[in-house]
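As provided, input.txt (compact mmCIF, C-alpha atoms and all ligand atoms) reads as follows.
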# COMPACT_ATOMS: atom_id res chain seq x y z
CA MET S 1 -6.51 62.23 13.42
CA PRO S 2 -3.13 61.41 15.02
CA GLN S 3 -3.30 58.52 17.49
CA PRO S 4 -2.44 59.45 21.10
CA THR S 5 1.07 58.31 22.00
CA MET S 6 1.78 56.03 24.95
CA THR S 7 2.99 59.12 26.84
CA ASP S 8 -0.31 60.94 26.12
CA ARG S 9 -2.22 57.88 27.29
CA TYR S 10 -0.15 57.74 30.48
CA GLY S 11 -0.93 61.43 31.14
CA ALA S 12 -4.68 60.82 30.82
CA LEU S 13 -4.55 57.69 32.96
CA ALA S 14 -2.43 59.41 35.64
CA GLU S 15 -4.98 62.23 35.83
CA ASP S 16 -7.87 59.77 36.08
CA LEU S 17 -6.17 57.65 38.76
CA THR S 18 -5.09 60.62 40.82
CA GLY S 19 -8.70 61.89 40.63
CA ARG S 20 -9.81 58.50 41.98
CA GLY S 21 -7.52 58.98 44.99
CA VAL S 22 -4.84 56.52 43.84
CA ASP S 23 -1.35 57.15 45.22
CA LEU S 24 0.33 56.89 41.84
CA ALA S 25 3.87 57.23 43.16
CA ALA S 26 3.29 54.27 45.50
CA VAL S 27 1.77 52.17 42.70
CA GLU S 28 4.68 52.89 40.36
CA GLY S 29 7.17 52.21 43.16
CA ALA S 30 5.59 48.81 43.78
CA LEU S 31 5.61 47.98 40.07
CA ARG S 32 9.29 48.86 39.83
CA THR S 33 10.10 46.35 42.55
CA GLN S 34 8.04 43.50 41.04
CA ARG S 35 10.19 40.45 40.29
CA VAL S 36 9.58 37.45 38.05
CA GLU S 37 11.96 34.50 37.65
CA THR S 38 12.02 32.78 34.27
CA PRO S 39 12.76 29.06 33.85
CA SER S 40 15.86 27.81 32.03
CA TRP S 41 13.73 25.06 30.50
CA GLY S 42 11.46 27.64 28.88
CA TYR S 43 14.29 28.59 26.52
CA GLY S 44 14.96 25.07 25.22
CA ASN S 45 13.01 23.03 22.73
CA SER S 46 9.86 21.45 24.10
CA GLY S 47 6.67 19.84 22.94
CA THR S 48 3.94 17.46 23.87
CA ARG S 49 4.35 13.71 24.19
CA PHE S 50 3.35 13.62 20.52
CA LYS S 51 5.90 15.96 18.95
CA VAL S 52 8.62 18.46 19.68
CA PHE S 53 8.75 21.24 17.08
CA PRO S 54 12.34 22.55 17.20
CA GLN S 55 12.91 26.29 16.90
CA PRO S 56 15.93 28.06 15.37
CA GLY S 57 18.43 29.69 17.73
CA VAL S 58 17.54 27.60 20.76
CA PRO S 59 20.31 27.66 23.42
CA ARG S 60 22.69 24.74 23.46
CA ASP S 61 23.80 25.06 27.07
CA PRO S 62 22.89 26.85 30.32
CA PHE S 63 25.18 29.77 29.41
CA GLU S 64 23.13 30.51 26.30
CA LYS S 65 19.90 30.07 28.25
CA PHE S 66 21.07 32.82 30.60
CA ALA S 67 21.82 35.05 27.58
CA ASP S 68 18.21 34.61 26.40
CA ALA S 69 16.86 35.25 29.88
CA ALA S 70 18.96 38.42 30.07
CA GLU S 71 17.26 39.64 26.88
CA VAL S 72 13.85 39.12 28.52
CA HIS S 73 15.11 41.04 31.56
CA ARG S 74 16.48 43.87 29.39
CA LEU S 75 13.10 44.30 27.73
CA THR S 76 10.87 43.98 30.81
CA GLY S 77 13.14 45.22 33.63
CA ILE S 78 11.91 42.76 36.26
CA CYS S 79 13.39 39.33 35.49
CA PRO S 80 16.95 39.23 36.86
CA SER S 81 17.01 35.54 37.85
CA VAL S 82 16.63 32.15 36.19
CA ALA S 83 15.45 28.89 37.74
CA ILE S 84 17.65 25.93 36.87
CA HIS S 85 16.70 22.26 36.52
CA ILE S 86 19.19 19.52 37.43
CA PRO S 87 20.54 17.59 35.52
CA TRP S 88 19.26 19.55 32.49
CA ASP S 89 21.45 22.50 33.54
CA GLN S 90 24.30 20.55 35.12
CA VAL S 91 27.67 22.25 34.46
CA ASP S 92 31.19 21.32 35.53
CA ASP S 93 31.93 24.71 37.00
CA TRP S 94 29.13 26.38 38.95
CA GLY S 95 31.35 29.38 39.68
CA ALA S 96 31.69 29.97 35.93
CA LEU S 97 27.91 29.89 35.42
CA ARG S 98 27.40 32.16 38.40
CA ASP S 99 29.99 34.64 37.01
CA HIS S 100 28.46 34.47 33.54
CA ALA S 101 25.03 35.23 35.02
CA ALA S 102 26.42 38.10 37.09
CA ALA S 103 28.17 39.59 34.03
CA LEU S 104 24.75 39.67 32.34
CA GLY S 105 23.20 41.33 35.41
CA MET S 106 21.50 38.05 36.29
CA ALA S 107 21.45 35.57 39.16
CA ILE S 108 20.77 31.87 39.55
CA GLY S 109 17.34 31.32 41.02
CA ALA S 110 15.57 28.24 42.34
CA VAL S 111 17.29 24.89 41.92
CA ASN S 112 14.80 22.30 40.60
CA PRO S 113 15.71 18.66 41.27
CA ASN S 114 14.62 16.17 38.66
CA LEU S 115 13.15 13.02 40.20
CA PHE S 116 11.15 11.95 37.16
CA GLN S 117 13.48 11.00 34.31
CA ASP S 118 15.42 8.05 35.61
CA GLU S 119 14.71 4.37 34.96
CA ALA S 120 14.90 3.78 38.69
CA TYR S 121 11.88 6.01 39.32
CA LYS S 122 9.27 3.86 37.58
CA LEU S 123 7.45 3.28 40.89
CA GLY S 124 8.33 6.67 42.34
CA SER S 125 11.34 8.45 43.82
CA VAL S 126 11.14 9.43 47.51
CA CYS S 127 8.00 7.28 47.88
CA HIS S 128 9.44 4.25 46.10
CA PRO S 129 9.06 0.94 47.96
CA ASP S 130 12.77 0.14 47.51
CA PRO S 131 15.02 1.94 50.03
CA ALA S 132 17.88 1.96 47.49
CA VAL S 133 15.81 4.06 45.09
CA ARG S 134 14.80 6.41 47.91
CA ARG S 135 18.49 6.76 48.79
CA ARG S 136 19.30 7.65 45.18
CA ALA S 137 16.49 10.24 45.13
CA THR S 138 17.55 11.74 48.45
CA ASP S 139 21.17 11.92 47.33
CA HIS S 140 20.00 13.90 44.29
CA LEU S 141 18.10 16.27 46.58
CA LEU S 142 21.19 16.69 48.75
CA ALA S 143 23.29 17.39 45.65
CA CYS S 144 20.78 20.07 44.66
CA GLY S 145 21.24 21.62 48.11
CA GLU S 146 24.97 21.77 47.43
CA ILE S 147 24.35 23.39 44.05
CA ALA S 148 22.16 25.97 45.80
CA ALA S 149 25.02 26.71 48.20
CA ARG S 150 27.54 27.06 45.37
CA THR S 151 25.36 29.21 43.14
CA GLY S 152 23.97 31.50 45.82
CA SER S 153 20.46 30.20 45.21
CA THR S 154 18.01 30.49 48.09
CA ALA S 155 15.45 27.88 47.06
CA ILE S 156 15.16 24.23 46.21
CA SER S 157 11.96 23.87 44.23
CA LEU S 158 10.65 20.34 44.45
CA TRP S 159 8.06 18.62 42.32
CA LEU S 160 7.49 14.88 42.58
CA ALA S 161 6.11 12.67 39.84
CA ASP S 162 5.36 10.06 42.52
CA GLY S 163 2.05 8.25 42.54
CA THR S 164 0.39 5.00 41.53
CA ASN S 165 -1.63 3.91 38.54
CA TYR S 166 -3.86 1.25 40.08
CA PRO S 167 -5.78 0.80 43.32
CA GLY S 168 -3.88 -1.59 45.54
CA GLN S 169 -0.51 -0.86 43.90
CA ASP S 170 0.97 0.59 47.10
CA SER S 171 -0.03 2.01 50.47
CA PHE S 172 -0.87 5.74 50.59
CA VAL S 173 0.36 6.05 54.16
CA ALA S 174 3.56 4.02 53.73
CA ARG S 175 4.47 6.16 50.73
CA TRP S 176 3.73 9.33 52.68
CA ARG S 177 6.04 8.25 55.52
CA ARG S 178 8.82 7.38 53.08
CA MET S 179 8.49 10.79 51.48
CA GLU S 180 8.56 12.51 54.85
CA ALA S 181 11.78 10.71 55.88
CA CYS S 182 13.58 11.62 52.62
CA LEU S 183 12.43 15.24 52.68
CA ALA S 184 13.32 15.59 56.37
CA GLU S 185 16.88 14.55 55.54
CA THR S 186 16.94 17.03 52.63
CA TYR S 187 15.50 19.79 54.80
CA ALA S 188 18.03 19.25 57.57
CA ALA S 189 20.93 19.53 55.10
CA MET S 190 19.74 22.67 53.30
CA PRO S 191 22.20 25.56 53.28
CA ASP S 192 21.48 28.46 55.62
CA GLY S 193 18.92 30.85 54.18
CA CYS S 194 17.62 28.27 51.73
CA ARG S 195 13.94 27.29 51.51
CA LEU S 196 12.32 24.08 50.30
CA LEU S 197 9.41 24.90 47.99
CA VAL S 198 7.01 21.97 47.78
CA GLU S 199 4.93 21.83 44.60
CA TYR S 200 1.76 19.79 44.22
CA LYS S 201 -0.08 18.52 41.16
CA PHE S 202 -3.30 16.58 41.12
CA TYR S 203 -2.42 14.07 38.40
CA GLU S 204 0.19 13.04 35.83
CA PRO S 205 2.32 11.05 35.28
CA ALA S 206 0.50 8.79 37.75
CA PHE S 207 -3.24 8.58 37.18
CA TYR S 208 -4.76 6.70 40.12
CA HIS S 209 -3.22 8.65 42.96
CA THR S 210 -0.52 11.28 43.30
CA ASP S 211 1.51 11.47 46.50
CA LEU S 212 1.41 15.29 46.67
CA ALA S 213 -1.87 15.93 44.93
CA ASP S 214 -3.06 19.24 46.35
CA TRP S 215 -2.22 22.20 48.56
CA GLY S 216 -3.52 20.48 51.68
CA MET S 217 -1.07 17.61 51.29
CA ALA S 218 1.77 19.98 50.40
CA LEU S 219 0.98 22.15 53.44
CA THR S 220 0.77 19.12 55.75
CA MET S 221 4.18 17.96 54.52
CA CYS S 222 5.66 21.45 54.96
CA GLN S 223 4.31 21.68 58.50
CA ALA S 224 5.93 18.35 59.31
CA LEU S 225 9.28 19.52 57.90
CA GLY S 226 9.61 22.98 59.42
CA GLU S 227 9.23 26.68 58.75
CA ARG S 228 11.60 26.82 55.80
CA ALA S 229 9.38 24.39 53.89
CA GLN S 230 6.67 26.25 52.00
CA VAL S 231 4.06 25.46 49.39
CA LEU S 232 4.58 26.26 45.73
CA VAL S 233 1.43 26.96 43.72
CA ASP S 234 1.71 26.06 40.03
CA LEU S 235 -1.35 27.62 38.43
CA GLY S 236 -1.64 24.71 36.00
CA HIS S 237 -1.86 22.02 38.66
CA HIS S 238 -5.51 22.25 39.66
CA ALA S 239 -8.75 20.67 38.52
CA GLN S 240 -11.18 22.80 36.55
CA GLY S 241 -12.97 25.34 38.68
CA VAL S 242 -10.65 25.23 41.69
CA ASN S 243 -10.47 28.64 43.34
CA VAL S 244 -6.72 29.26 43.17
CA GLU S 245 -6.90 32.77 44.62
CA GLN S 246 -8.51 31.32 47.75
CA ILE S 247 -5.65 28.83 48.11
CA VAL S 248 -3.19 31.70 47.72
CA ALA S 249 -4.97 33.77 50.38
CA LEU S 250 -5.07 30.92 52.90
CA LEU S 251 -1.44 29.93 52.34
CA LEU S 252 -0.40 33.55 52.81
CA ASP S 253 -2.40 33.71 56.02
CA ALA S 254 -0.67 30.55 57.24
CA GLY S 255 2.75 32.03 56.36
CA ARG S 256 3.36 29.11 53.97
CA LEU S 257 3.12 30.54 50.48
CA GLY S 258 6.60 29.82 49.15
CA GLY S 259 6.08 30.80 45.55
CA PHE S 260 4.36 30.41 42.23
CA HIS S 261 4.85 28.61 39.00
CA PHE S 262 2.97 30.90 36.67
CA ASN S 263 1.29 29.59 33.54
CA ALA S 264 -2.28 29.22 32.32
CA ARG S 265 -4.28 26.04 32.22
CA LYS S 266 -7.10 25.32 29.84
CA TYR S 267 -7.11 21.53 30.02
CA GLY S 268 -4.10 19.60 31.35
CA ASP S 269 -0.83 20.95 32.70
CA ASP S 270 -0.50 22.71 29.38
CA ASP S 271 1.86 25.61 30.16
CA LEU S 272 0.00 28.25 28.18
CA ILE S 273 1.17 31.85 28.55
CA VAL S 274 0.14 33.10 32.00
CA GLY S 275 -2.88 35.37 31.77
CA SER S 276 -3.69 34.25 28.23
CA THR S 277 -6.81 32.23 29.00
CA ASN S 278 -7.93 33.63 32.34
CA PRO S 279 -6.52 37.10 33.01
CA PHE S 280 -9.24 37.74 35.61
CA GLU S 281 -8.02 34.82 37.74
CA LEU S 282 -4.46 36.13 37.54
CA PHE S 283 -5.67 39.57 38.63
CA LEU S 284 -7.56 38.03 41.57
CA ILE S 285 -4.42 36.17 42.65
CA TYR S 286 -2.43 39.39 42.62
CA ALA S 287 -5.28 41.14 44.44
CA GLU S 288 -4.87 38.61 47.28
CA LEU S 289 -1.12 39.22 47.32
CA VAL S 290 -1.65 42.97 47.55
CA ALA S 291 -4.28 42.51 50.26
CA ALA S 292 -1.89 40.38 52.34
CA GLY S 293 0.65 43.21 52.35
CA GLU S 294 4.38 43.53 51.86
CA ALA S 295 5.50 41.73 55.01
CA ALA S 296 3.43 38.62 54.19
CA THR S 297 4.69 38.48 50.62
CA ALA S 298 8.33 39.48 51.04
CA ASP S 299 9.68 35.96 50.49
CA VAL S 300 7.25 34.76 47.83
CA ALA S 301 9.13 33.50 44.75
CA TYR S 302 7.35 34.58 41.57
CA MET S 303 8.43 32.11 38.93
CA ILE S 304 7.19 31.24 35.48
CA ASP S 305 6.93 27.55 34.59
CA GLN S 306 6.18 27.47 30.88
CA THR S 307 7.60 25.79 27.82
CA HIS S 308 6.30 27.19 24.55
CA ASN S 309 5.79 24.60 21.91
CA ILE S 310 4.44 26.37 18.83
CA GLU S 311 4.99 30.07 19.55
CA PRO S 312 8.39 31.86 19.41
CA LYS S 313 9.97 31.20 22.80
CA LEU S 314 11.42 34.60 23.62
CA GLU S 315 8.31 36.45 22.56
CA ALA S 316 6.17 34.09 24.62
CA MET S 317 8.31 34.53 27.72
CA THR S 318 8.35 38.30 27.27
CA GLN S 319 4.57 38.42 26.76
CA SER S 320 4.14 36.35 29.94
CA VAL S 321 6.11 38.87 31.97
CA VAL S 322 4.09 41.75 30.50
CA ASN S 323 0.88 39.93 31.50
CA LEU S 324 2.21 39.60 35.05
CA GLN S 325 3.09 43.29 35.16
CA GLU S 326 -0.42 44.21 34.04
CA ALA S 327 -2.08 41.84 36.52
CA TYR S 328 -0.08 43.32 39.39
CA ALA S 329 -0.77 46.89 38.21
CA ARG S 330 -4.51 46.27 38.16
CA ALA S 331 -4.38 44.66 41.61
CA LEU S 332 -2.59 47.70 42.99
CA LEU S 333 -5.50 49.85 41.79
CA VAL S 334 -8.11 48.06 43.91
CA ASP S 335 -9.68 50.68 46.16
CA ARG S 336 -9.15 48.83 49.43
CA ASP S 337 -11.07 51.33 51.58
CA ALA S 338 -14.12 51.15 49.30
CA LEU S 339 -13.84 47.36 49.30
CA ALA S 340 -13.72 47.22 53.09
CA ALA S 341 -16.70 49.59 53.37
CA ALA S 342 -18.79 47.58 50.88
CA ARG S 343 -17.97 44.33 52.66
CA GLU S 344 -18.82 45.86 56.01
CA ALA S 345 -22.15 47.10 54.65
CA GLY S 346 -22.88 43.69 53.14
CA ASP S 347 -23.16 45.35 49.72
CA VAL S 348 -22.38 42.34 47.57
CA LEU S 349 -22.26 43.98 44.18
CA ALA S 350 -20.56 47.17 45.32
CA ALA S 351 -17.72 45.02 46.66
CA HIS S 352 -17.58 43.07 43.43
CA ARG S 353 -17.57 46.28 41.38
CA VAL S 354 -14.57 47.60 43.32
CA LEU S 355 -12.65 44.65 41.90
CA THR S 356 -14.02 44.93 38.38
CA ASP S 357 -13.33 48.69 38.31
CA ALA S 358 -9.67 48.00 38.97
CA TYR S 359 -9.60 45.06 36.58
CA GLN S 360 -11.15 47.03 33.74
CA THR S 361 -8.62 49.84 33.96
CA ASP S 362 -6.33 49.90 30.92
CA VAL S 363 -2.98 49.80 32.73
CA ARG S 364 -0.82 49.41 29.62
CA PRO S 365 0.36 53.06 29.60
CA LEU S 366 1.20 52.79 33.32
CA CYS S 367 3.24 49.62 32.82
CA ALA S 368 4.98 51.15 29.82
CA LYS S 369 5.94 54.18 31.92
CA VAL S 370 7.27 51.96 34.72
CA ARG S 371 9.32 49.94 32.23
CA ARG S 372 10.69 53.19 30.78
CA ASP S 373 11.70 54.25 34.29
CA LEU S 374 13.50 50.92 34.67
CA GLY S 375 15.36 51.44 31.40
CA ALA S 376 13.36 48.63 29.78
CA ALA S 377 11.02 48.77 26.78
CA ASP S 378 7.68 50.55 26.36
CA ASP S 379 6.38 47.60 24.40
CA PRO S 380 8.71 44.67 25.13
CA VAL S 381 7.39 42.27 22.49
CA ALA S 382 7.54 44.93 19.76
CA ALA S 383 11.06 45.88 20.90
CA LEU S 384 12.12 42.24 20.82
CA ARG S 385 10.87 41.90 17.26
CA ALA S 386 12.45 45.16 16.16
CA GLY S 387 15.78 44.42 17.86
CA GLY S 388 16.54 41.28 15.87
CA TYR S 389 17.88 39.27 18.86
CA ALA S 390 16.11 36.06 17.82
CA GLU S 391 17.44 36.31 14.25
CA ARG S 392 20.96 37.02 15.50
CA VAL S 393 21.12 34.01 17.83
CA ALA S 394 19.58 31.83 15.12
CA ARG S 395 22.50 32.81 12.87
CA GLU S 396 25.11 32.40 15.61
CA ARG S 397 23.97 29.19 17.26
CA VAL S 398 25.00 26.77 14.60
CA GLY S 399 26.20 23.27 15.51
CA GLY S 400 25.94 21.62 18.90
CA THR S 401 22.79 20.14 20.35
CA PRO S 402 19.89 22.46 21.12
CA ALA S 403 18.61 22.11 24.68
CA SER S 404 15.48 20.01 24.88
CA TRP S 405 13.54 18.30 27.63
CA THR S 406 13.34 15.02 25.72
C1 LIG L 501 5.63 19.47 36.51
O1 LIG L 501 4.52 19.43 35.69
C2 LIG L 501 6.26 20.85 36.60
O2 LIG L 501 5.26 21.81 36.86
C3 LIG L 501 7.35 20.89 37.64
O3 LIG L 501 7.49 22.18 38.18
C4 LIG L 501 8.53 20.54 36.82
O4 LIG L 501 9.73 20.77 37.45
C5 LIG L 501 8.27 21.43 35.63
O5 LIG L 501 6.88 21.20 35.38
C6 LIG L 501 9.10 21.23 34.42
O6 LIG L 501 8.85 20.00 33.79
MN MN L 502 5.67 23.64 37.95

What would the structure in this file look like if it were written as structure tokens?
Amino acid sequence: MPQPTMTDRYGALAEDLTGRGVDLAAVEGALRTQRVETPSWGYGNSGTRFKVFPQPGVPRDPFEKFADAAEVHRLTGICPSVAIHIPWDQVDDWGALRDHAAALGMAIGAVNPNLFQDEAYKLGSVCHPDPAVRRRATDHLLACGEIAARTGSTAISLWLADGTNYPGQDSFVARWRRMEACLAETYAAMPDGCRLLVEYKFYEPAFYHTDLADWGMALTMCQALGERAQVLVDLGHHAQGVNVEQIVALLLDAGRLGGFHFNARKYGDDDLIVGSTNPFELFLIYAELVAAGEAATADVAYMIDQTHNIEPKLEAMTQSVVNLQEAYARALLVDRDALAAAREAGDVLAAHRVLTDAYQTDVRPLCAKVRRDLGAADDPVAALRAGGYAERVARERVGGTPASWT
């Protein structure tokens, strides 16, 4: 028996969804406007603190990273921007990088300062007890604001490695006030239209306390800074069992959800492919985004923060984007009227089943159709493999130093 094609499967799904009262045109329209930003550092070599396994064809500079990101965008249709990390992506001529990106149909996304790889930062950066170190850290943040202005970026995406390793090492409150002063200076100097995205993480590299350990601390800091400071939720930065979708819902309600760093977390901040270990959680996060509505989510930055250590990098990035497309598609299928009615009636399991009905829908033919409409690939990972891009760049990128976070 011949297998049904993806187009046949789309036809059957479209009929089923329309029968269930789904406005298919609206769902497809929303999926076409979905955006995901990929990280420049996800294209370079990476590893654990034990070993970096280099891969062939890895970009040697930010220009080649943008070329790889453009391939992911070509295949998926929804990734036209790349987050940069400074100084990893420092270039002499920002105009040249901006033009190169534009020629590829791409743009420069969030500017990520690096306040964790300098000898001076052993005791912290903006929380450091020495004012000279805080000055150095703040100057770097100000320089990142200038890069944002020159590249047309609209976000500075800040993560701090600041914390202490031993009780008594420093004062929580003194460190907090130092951070607030440095970030207030950064905030005041941000270019017009730029936002400060404040990322939290509950541990690592410090292990006794972390200065921005959770969403409550990040939100408190953002409220002290001003409206253009918003919280960034990295899915990997929570303890086991934390209800991330609840955090997302409450930050949206407070008007302070700045963006995401998508990845999956099984143990530490491990940067697994988003949706690979807990696709249901990813769906629930998107369900909260859909529930909050377009106005509440208009400025949310959807960014991947992953570095793939043992799997082929471009395939992993492409698969991640596909997982995000499928999570969003399922969330768009939640029957919101039925959910409201079940909640109103106090029908616990009926409400739950509204979610699981949407989650269990096989949305792959729908996403394939939307990608076709966007001029992208039906099956992006298969198309990447068939197209030979990875083999070509492996042949071409000979000599030079492959990008690496070490
Ligand atoms: C820290 O673990 C983090 O999530 C921050 O976003 C960094 O900028 C990024 O990873 C890359 O190391
Ligand atoms: Mn992150």

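When CA of Ala213 in chain S is paired with CA of Tyr200 in chain S, their separation reads 5.3 Å.
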
Next item on the list: Can you pull out every residue within 10 Å of Val173 in chain S, counting all atoms listed in the file, but drop anything in the same chain fewer than 4 positions away, and send it as an NGL selection string?
Entry: :S and (127 or 177-179 or 211)

Check: Near range 356-369 of chain S, within 10 Å and counting only C-alpha atoms, which residues show up once chain neighbours fewer than 6 positions away are dropped, as number ranges by chain?
Finding: S: 5-14, 17, 24, 27-28, 31-32, 76, 279-280, 283-284, 287, 322-323, 325-335, 350, 375-380

Next item on the list: Kindly provide, as a ChimeraX atom specification, all nucleotide and amino acid residues lying within 8 Å of ligand LIG 501 (chain L), counting all atoms listed in the file.
Entry: /S:41,85,112-114,157-161,199,201,204,234,236-237,261,269,305-306,405

Checklist line | Between CA of Arg372 in chain S and CA of Leu384 in chain S - distance in Å to one decimal | finding: 14.9 Å

Check: Could you pull the residues within 10 Å of Gln240 in chain S, counting all atoms listed in the file, minus those fewer than 4 positions along the same chain, as a list in words?
Finding: Gly236, Arg265, Lys266, Tyr267 and Gly268 of chain S

Check: Around (14.0, 38.3, 27.0) in the file's own coordinates, what residues are found within 12 Å if you use all atoms listed in the file, given back as a ChimeraX atom specification?
Finding: /S:36-40,42-43,65-82,106,312-322,376-377,380-385,387-390

Note to self: My list of candidates is S:Thr307, S:Gln169, S:Thr138, S:Gln230. Which is closest to Leu123 in chain S when distances are computed with all atoms listed in the file?
What the structure shows: S:Gln169

Note to self: Need the shell around Val231 in chain S: protein/DNA/RNA residues with any atom at most 6 Å away, counting only C-alpha atoms. Skip same-chain ones fewer than 6 positions apart. Format as a PyMOL selection string?
What the structure shows: chain S and resi 197-198+256-258

Atoms to include: C-alpha atoms. Write the selected residues as a PDB file, in the frame of the given file.
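Final output, saved to result-v7.pdb:
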ATOM      1  CA  LEU S 197       9.410  24.900  47.990  1.00  0.00           C
ATOM      2  CA  VAL S 198       7.010  21.970  47.780  1.00  0.00           C
ATOM      3  CA  ARG S 256       3.360  29.110  53.970  1.00  0.00           C
ATOM      4  CA  LEU S 257       3.120  30.540  50.480  1.00  0.00           C
ATOM      5  CA  GLY S 258       6.600  29.820  49.150  1.00  0.00           C
TER       6      GLY S 258
END

Checklist line | Residues within 6 Å of Asn263 in chain S, all atoms listed in the file, excluding chain neighbours under 5 positions, as a ChimeraX atom specification | finding: /S:235,271-274,306

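Closest approach to Thr186 in chain S among S:Leu282, S:Ala206, S:Ala143, S:Ala224: S:Ala143, based on only C-alpha atoms.
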
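Taking CA of Ala148 in chain S and CA of Val111 in chain S as endpoints, the distance between them is 6.3 Å.
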
Next item on the list: Would you please work out which residue, of S:Ile147, S:Ala101, S:Ile304, S:Ile86, is nearest to ligand MN 502 (chain L) when using all atoms listed in the file?
Entry: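 Looking only at the distances to ligand MN 502 (chain L), the closest residue turns out to be S:Ile304.
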
Notebook entry, point to check: Counting only C-alpha atoms and all ligand atoms, which of S:Thr277, S:Gln3, S:Ala189, S:His238 gets nearest to ligand MN 502 (chain L)?
Noted result: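 Selected residue with least distance to ligand MN 502 (chain L): S:His238.
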
Checklist line | Closest of S:Leu232, S:Leu183, S:Val370, S:Asp347 to ligand MN 502 (chain L) - atom-to-atom distances counting only C-alpha atoms and all ligand atoms | finding: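 Among the listed residues, S:Leu232 lies closest to ligand MN 502 (chain L).
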
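With distances taken over all atoms listed in the file, S:Met303 is the one residue among S:Ala340, S:Met303, S:Ile310, S:Cys182 lying closest to ligand MN 502 (chain L).
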
Mind rebuilding range 20-31 of chain S with N, CA, C and O atoms and writing that out as a CSV table (one decimal), in the frame of the given file?
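Output below, filename rebuild.csv:
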chain,number,residue,atom,x,y,z
S,20,ARG,N,-9.1,59.6,41.2
S,20,ARG,CA,-9.8,58.5,42.0
S,20,ARG,C,-9.1,58.3,43.3
S,20,ARG,O,-9.5,57.3,44.1
S,21,GLY,N,-8.2,59.1,43.7
S,21,GLY,CA,-7.5,59.0,45.0
S,21,GLY,C,-6.4,58.0,45.0
S,21,GLY,O,-5.9,57.6,46.1
S,22,VAL,N,-5.9,57.5,43.9
S,22,VAL,CA,-4.8,56.5,43.8
S,22,VAL,C,-3.5,57.2,44.1
S,22,VAL,O,-3.2,58.3,43.6
S,23,ASP,N,-2.7,56.6,45.0
S,23,ASP,CA,-1.4,57.2,45.2
S,23,ASP,C,-0.4,56.6,44.1
S,23,ASP,O,0.2,55.5,44.2
S,24,LEU,N,-0.3,57.4,43.0
S,24,LEU,CA,0.3,56.9,41.8
S,24,LEU,C,1.8,56.6,42.1
S,24,LEU,O,2.4,55.6,41.6
S,25,ALA,N,2.4,57.4,42.9
S,25,ALA,CA,3.9,57.2,43.2
S,25,ALA,C,4.1,55.9,43.9
S,25,ALA,O,5.0,55.1,43.5
S,26,ALA,N,3.2,55.5,44.8
S,26,ALA,CA,3.3,54.3,45.5
S,26,ALA,C,3.1,53.1,44.5
S,26,ALA,O,3.8,52.1,44.6
S,27,VAL,N,2.1,53.2,43.7
S,27,VAL,CA,1.8,52.2,42.7
S,27,VAL,C,3.0,52.0,41.8
S,27,VAL,O,3.4,50.8,41.6
S,28,GLU,N,3.5,53.0,41.3
S,28,GLU,CA,4.7,52.9,40.4
S,28,GLU,C,5.9,52.3,41.1
S,28,GLU,O,6.7,51.5,40.5
S,29,GLY,N,6.1,52.7,42.4
S,29,GLY,CA,7.2,52.2,43.2
S,29,GLY,C,7.0,50.7,43.3
S,29,GLY,O,8.0,49.9,43.2
S,30,ALA,N,5.8,50.2,43.6
S,30,ALA,CA,5.6,48.8,43.8
S,30,ALA,C,5.9,48.1,42.5
S,30,ALA,O,6.5,47.0,42.5
S,31,LEU,N,5.4,48.6,41.4
S,31,LEU,CA,5.6,48.0,40.1
S,31,LEU,C,7.1,47.9,39.7
S,31,LEU,O,7.5,46.9,39.1
